[in-house]
Amino acid sequence: MLSRVGVDTLDALYDEVPASIRFRGDYQLPEEMSELEVRQLFEQLGSQNKPLTCFAGAGVYDHYTPSVIPQLLSRSEFLTSYTPYQAEISQGTLHYIFEYQSMMAELTGMDISNASMYDGTTATAEAVMMAVAAGKKQNKVLVSETVDPKTLEVVKTYAHFQGIDIEMIPAKDGVTDLSALNTQLSTLSGVAGVLVQQPNYYGIVEDYEGFAEAIHAKKGLFIMNSVAADLAVLKTPGEWGADIAVGDGQSLGIPLQFGGPYVGYMCCTEKLIRKMPGRIVGKTLDNRGQRAFVLTLQAREQHIRRQKATSNICSNQSLMALFVTIYMSLMGKQGLKEAAELSYAGAHYLCEKLVATGHFTQVYDQPFFNEFVVRYDGDVEALQRRFVENGIFGGVKVAPDQLMFAVTEKRTKEEIDQLISLTL
Amino acid sequence: MNNKLYGNLIFELSQEGRRGYSLPKNRFGKNYEIPTGMRRKADAQLPECDEMTVVRHYTNLSANNFGVDNGFYPLGSCTMKYNPKINEEVAALPQFAGLHPLQPAATVKGAEAVCTLLCRSLCELTGLHAFTLKPFAGAHGELTGLMVIKKYHESRNDDARHLVIVPDSAHGTNPASAAVCGLEIIEVKSLSDGTVDVDALRDLVAQHGPEIAAMMMTNPNTLGLFERQIPTIEKMVHECGGLMYYDGANLNPMLGAARPGDMGFDVMHINLHKTFSTPHGGGGPGAGPVGVREGLEQFFPVVSPYHGNFAVAMRAYAYILSLGREHVKEVGPLATLNANYIKESLKDLYELPIDGLCKHEFVFDGLKDKSTGVTTMDVAKRLLDYGYHAPTIYFPLLFHESLMIEPTENESKETIDGFIAVMRQIAEEAKTNPDLVKSAPHHTPIGRVDDVLAAKHPVVTYKQLQNDTN
Amino acid sequence: MAKVIEGLYYSESHEYVRVEGEYGYIGISDYAQHALGNVVYVDMPEVDDEIEAGEDFGAVESVKAASDLIAPVSGVVVEVNEALEDQPELLNQDSYENWIIKVELSDSTELDNLMDAQAYAEFCEK
């Protein structure tokens, strides 16, 4: 091979690299490891971790992963394939993305969905940018104080570099204050968009009656960030009059994985389809007259529009979109509802029992779904430590004396009762 | 490949009342009713299928796909190398997969260690000082890197710097990322040999010096050519006060040869799903960690809440450990050898616009003999008939009939010789039987698709499909 | 050879203006529609929108490309070619017959900045 290439040594392939930057010698890395040794190292590192029985949420929920999913996802035609630019040999990927789009549109009550995005926080930032781009001259976006602070931080990062003006809408009693929003809107000639969350960061299911009207009167887009799994039961962004529905699909059975990969979703009304970032799969016909699927509307995307693209996003989280598509296919219409109902039941059972101990009070007098905030009359950190010692991740601290608990269909009555016993 | 039997959508296999799930019963002793006011009016119209139907459906869908595990995947700029299975095993270990990202630090020491060790390895391989694992993908990493640069200039109260220089051969994500970061692109011409025209760069810098935030480039460039003048380029940009950004998409041939940090780059991103073997997954999840030289780490922006795609980072670290210091340095040279071998073996039949040694990839400008009207698109589609994934087509934009080939270091001589033989065969067919090539593919589940129809009348959900009359 | 029509004013970004009194019909040239390929979508402004010379007022999309429409002159949109909503391919069939918007010109001296048919034909040759 070297002779056909016309060099004597592999080294000669890099003759043109200036000597001053040519790397010689060895990298300071460990010696090569056999497969067995790699496994042993990771198992050893793994033993320094402690997976806990999860009673926390804050955007990441411990729902059950059906055994079918990891099996199907490991099929190498799904796992090791590239983006489906060559439609003729990618009908597998293109079919499941089309199914994913259909299911997310259904779940959120919106007209259309894209092929998925990185995660819920970046999808939300993209929605904010989309609203500003669609708003022509408006660059102000109002954001409720009840939106997850982690989502807000990512949105603010993007907003800073785009010159987007983020203004907060105050909360009252744990929910977005509509009268405050109306006051804010009345001082503005227009607004690009308004962003809220459902259930909100505190797990509260807010009443968004009147929001869509107020926002549309100012020609703004109504953006709602929702926990995907909860939409099986809750009134949808579509029903609330939202223009863009975004969020994370992690709650559709994706394992916790210390933060990723998850999957962001973005759905919108039909007239916004050409303003939506990300990949989209559409149906067409092939030259044999067969139904086929293909990446479409690519004129919006970075590789064609370059600096005029609606976003710089190149990939989606394809394999994770497949994950949640299989989840929704298996669980189906009925199963998704039941899992949500069980989560709701478990959370309300836990809340009742916590309050009954006499040490906890609900912070907000508001309806919640499967997550809620309680005030503790003792040492919160000591309590959290006790939980951990007993193998429990007992909620997220949201204030010096407040804990936020989440419950899913995975939590048994015994696990909940055990948590309660640790508080006494 | 069985599109005929199994070309359905899961919705078309749904039967009312079928169940594919099993859930525990409500054992709380009380029925907690969800108030009607909270509920959606109608259920989501999701499918209802039994488990076996779901399994059959997706198993058969996978048969209509083509992965690196199926065959040769010479996609230029994508680095489709083998995805080791040990990576999959360690990423799925329950001791990692079961960790909530907000768990107390004392309970996630092993996971934190993986992050630290990976970052340290990436520093060593790139010559940079610190890495963040937060970006979820390459494009996300580009954006993050540009944000670092902008914040750096902001910290110096230097508001004039709003321009990013990119070579005219740059990938589409570069200008798009700059735009999202609130920066503008200014292009510098390439010479006929495909490298940056240093004189043109000098003029640009002279004209716009104080406005230049950074120069964004990849090395080797998108044509697979090493930018020999990089020491001059970085000096010029640094002297005018700009920073140097390295697009890590083409890092593979540099492993064992040179480090971006030593080349003078200040900020870079790496595509873990390219250089570090993590699977492409049909279009994600990938990961785009960003590295910086000392002093810039304070400017890392918050572009995601936790550690990015952590399970992807685990796979990358397992890969680095498997190669070890002995073999990491062989990656670049072997990738480069394979690419040059293919180039030399086909340049008599395919148009090679830029002769000479390339690095890990190179570009043909279509067939040498274009007299029968066979295009790069036709060649790509005909390759599918022979069981190969097509190379990258119509990128870079510098040539009209671009065909960019990147074999990676993994492929054996036998595989590569097989590919060369088929490419020669197709060139022959283009002369003797052009219609066969122009109407390809013939042996795939579907033929060429109607792009125009898909874009004019977008049908993107099952609901729209049911209402579609086409 | 792309078709160029006499009597129209052309911009370097391949838009044209056909003047009728105080109104101008704006569209894209034959050269532009040919470069784009099959047009699949035209993003148009609304009636009463103001457009400014040199600024974007919409976009034309094909499968492989998307081009911003840059206003050759300033004015107020009085009519939009609604036929293009359902049949964007009309731009490929005849881009001069099928104008995109009709505007009330606010400053006819701006026409002096545009090219005539001959100058535009020469421009396209380059």
# chains A, B, ... in the order shown; residues from 1 in each chain; ligands from 1
>>> residues_around(residues="Gln118 of chain C", least_positions_apart="5", cutoff="9 Å", atoms="only C-alpha atoms", output="PDB file with N, CA and C atoms, in the first residue's frame")
ATOM      1  N   VAL C   4     -33.989  37.643 -20.337  1.00  0.00           N
ATOM      2  CA  VAL C   4     -33.975  38.978 -19.713  1.00  0.00           C
ATOM      3  C   VAL C   4     -34.959  39.828 -20.495  1.00  0.00           C
ATOM      4  N   GLU C   6     -36.705  43.409 -21.621  1.00  0.00           N
ATOM      5  CA  GLU C   6     -36.481  44.853 -21.758  1.00  0.00           C
ATOM      6  C   GLU C   6     -37.470  45.635 -20.921  1.00  0.00           C
ATOM      7  N   PHE C 123     -24.181  41.414 -16.601  1.00  0.00           N
ATOM      8  CA  PHE C 123     -23.871  41.015 -15.224  1.00  0.00           C
ATOM      9  C   PHE C 123     -23.980  39.498 -15.068  1.00  0.00           C
TER      10      PHE C 123
END
>>> interface_residues(of="chain B", to="chain C", cutoff="12 Å", atoms="only C-alpha atoms", output="number ranges by chain")
B: 394, 450-458
>>> select_by_dssp(residues="segment 53-176 of chain A", states="strand (DSSP E or B)", output="number ranges by chain")
A: 53-54, 81, 112-113, 117, 140-144, 165-169, 171-172, 175-176
>>> atom_distance(atom1="atom CA of Tyr120 of chain C", atom2="atom CA of Glu82 of chain C")
27.8 Å
>>> residues_around(residues="Pro72 of chain C", least_positions_apart="4", cutoff="8 Å", atoms="only C-alpha atoms", output="ChimeraX atom specification")
/C:10-11,15-17,53-54,114
>>> residues_around(residues="Ala421 of chain B", least_positions_apart="4", cutoff="12 Å", atoms="only C-alpha atoms", output="CSV table (one decimal) with C-alpha atoms, in the first residue's frame")
chain,number,residue,atom,x,y,z
B,342,ILE,CA,-7.9,4.7,-2.5
B,345,SER,CA,-6.1,3.6,-7.1
B,346,LEU,CA,-9.0,5.6,-8.6
B,349,LEU,CA,-11.1,7.2,-13.6
B,383,LEU,CA,-22.9,2.0,-5.1
B,386,TYR,CA,-23.2,-3.1,-4.6
B,388,TYR,CA,-21.7,0.0,0.0
B,414,GLU,CA,-9.4,-6.5,1.4
B,415,THR,CA,-12.4,-4.3,2.1
B,416,ILE,CA,-10.7,-1.3,0.5
B,417,ASP,CA,-9.7,-3.2,-2.5
B,425,GLN,CA,-16.8,-1.2,-12.2
B,426,ILE,CA,-19.2,1.7,-11.9
B,427,ALA,CA,-16.9,4.0,-13.9
B,428,GLU,CA,-17.0,1.3,-16.6
>>> select_by_dssp(residues="segment 153-220 of chain B", states="helix (DSSP H, G or I)", output="VMD selection string")
chain B and resid 153 to 155 173 to 180 198 to 211
>>> write_last_selection(atoms="C-alpha atoms", output="PDB file, in the first residue's frame")
ATOM      1  CA  HIS B 153     -13.747  39.534  24.237  1.00  0.00           C
ATOM      2  CA  GLU B 154     -16.653  40.859  26.326  1.00  0.00           C
ATOM      3  CA  SER B 155     -14.545  40.397  29.456  1.00  0.00           C
ATOM      4  CA  THR B 173     -22.625  24.430  10.667  1.00  0.00           C
ATOM      5  CA  ASN B 174     -19.779  26.964  10.958  1.00  0.00           C
ATOM      6  CA  PRO B 175     -21.635  30.022   9.651  1.00  0.00           C
ATOM      7  CA  ALA B 176     -24.865  28.845  11.266  1.00  0.00           C
ATOM      8  CA  SER B 177     -23.191  28.503  14.673  1.00  0.00           C
ATOM      9  CA  ALA B 178     -21.633  31.936  14.301  1.00  0.00           C
ATOM     10  CA  ALA B 179     -25.040  33.432  13.521  1.00  0.00           C
ATOM     11  CA  VAL B 180     -26.633  31.822  16.577  1.00  0.00           C
ATOM     12  CA  VAL B 198      -2.608  33.461   3.243  1.00  0.00           C
ATOM     13  CA  ASP B 199      -2.267  36.652   1.211  1.00  0.00           C
ATOM     14  CA  ALA B 200      -6.044  37.010   1.067  1.00  0.00           C
ATOM     15  CA  LEU B 201      -6.102  36.411   4.812  1.00  0.00           C
ATOM     16  CA  ARG B 202      -3.473  39.089   5.337  1.00  0.00           C
ATOM     17  CA  ASP B 203      -5.666  41.553   3.439  1.00  0.00           C
ATOM     18  CA  LEU B 204      -8.729  40.616   5.459  1.00  0.00           C
ATOM     19  CA  VAL B 205      -6.871  41.048   8.702  1.00  0.00           C
ATOM     20  CA  ALA B 206      -5.436  44.363   7.581  1.00  0.00           C
ATOM     21  CA  GLN B 207      -8.882  45.580   6.643  1.00  0.00           C
ATOM     22  CA  HIS B 208     -10.858  44.260   9.608  1.00  0.00           C
ATOM     23  CA  GLY B 209      -8.307  43.576  12.360  1.00  0.00           C
ATOM     24  CA  PRO B 210     -10.059  45.097  15.404  1.00  0.00           C
ATOM     25  CA  GLU B 211     -13.379  43.558  14.337  1.00  0.00           C
TER      26      GLU B 211
END
>>> atom_distance(atom1="atom CA of Ala2 of chain C", atom2="atom CA of Glu110 of chain C")
25.0 Å
>>> closest_residue(among="A:Gln197, A:Ser47, A:Thr157, A:Ser3", to="Gly120 of chain A", atoms="only C-alpha atoms")
A:Gln197
>>> atom_distance(atom1="atom CA of Thr357 of chain A", atom2="atom CA of Ala56 of chain A")
19.7 Å
>>> residues_around(residues="Asp26 of chain A", least_positions_apart="6", cutoff="12 Å", atoms="only C-alpha atoms", output="PyMOL selection string")
chain B and resi 124-125+255-258+324-330
>>> residues_around(residues="segment 375-384 of chain A", least_positions_apart="4", cutoff="7 Å", atoms="only C-alpha atoms", output="list in words")
His359, Phe360, Thr361, Gln362, Val363, Val388, Gly394, Asp401, Gln402 and Leu403 of chain A
>>> residues_around(residues="Tyr31 of chain C", least_positions_apart="5", cutoff="10 Å", atoms="only C-alpha atoms", output="list of chain:residue names")
C:Met1, C:Ala2, C:Lys3, C:Val4, C:His14, C:Glu15, C:Leu36, C:Ser95, C:Ala121, C:Cys124
>>> write_last_selection(atoms="C-alpha atoms", output="mmCIF file, in the first residue's frame")
data_model
loop_
_atom_site.group_PDB
_atom_site.id
_atom_site.type_symbol
_atom_site.label_atom_id
_atom_site.label_comp_id
_atom_site.auth_asym_id
_atom_site.auth_seq_id
_atom_site.Cartn_x
_atom_site.Cartn_y
_atom_site.Cartn_z
ATOM 1 C CA MET C 1 -29.149 31.642 -21.856
ATOM 2 C CA ALA C 2 -31.403 33.101 -19.198
ATOM 3 C CA LYS C 3 -34.268 35.256 -20.386
ATOM 4 C CA VAL C 4 -33.975 38.978 -19.713
ATOM 5 C CA HIS C 14 -31.579 38.853 -9.312
ATOM 6 C CA GLU C 15 -34.863 40.554 -8.461
ATOM 7 C CA LEU C 36 -32.824 27.532 -7.619
ATOM 8 C CA SER C 95 -40.887 34.246 -13.466
ATOM 9 C CA ALA C 121 -27.592 40.496 -19.096
ATOM 10 C CA CYS C 124 -25.235 37.481 -15.546
#
>>> closest_residue(among="C:Ser13, C:Gln33, C:Ser74, C:Ser67", to="chain A", atoms="only C-alpha atoms")
C:Ser67
>>> closest_residue(among="B:Asp197, B:Asp158, B:Glu406, B:Asp468", to="chain A", atoms="only C-alpha atoms")
B:Asp468
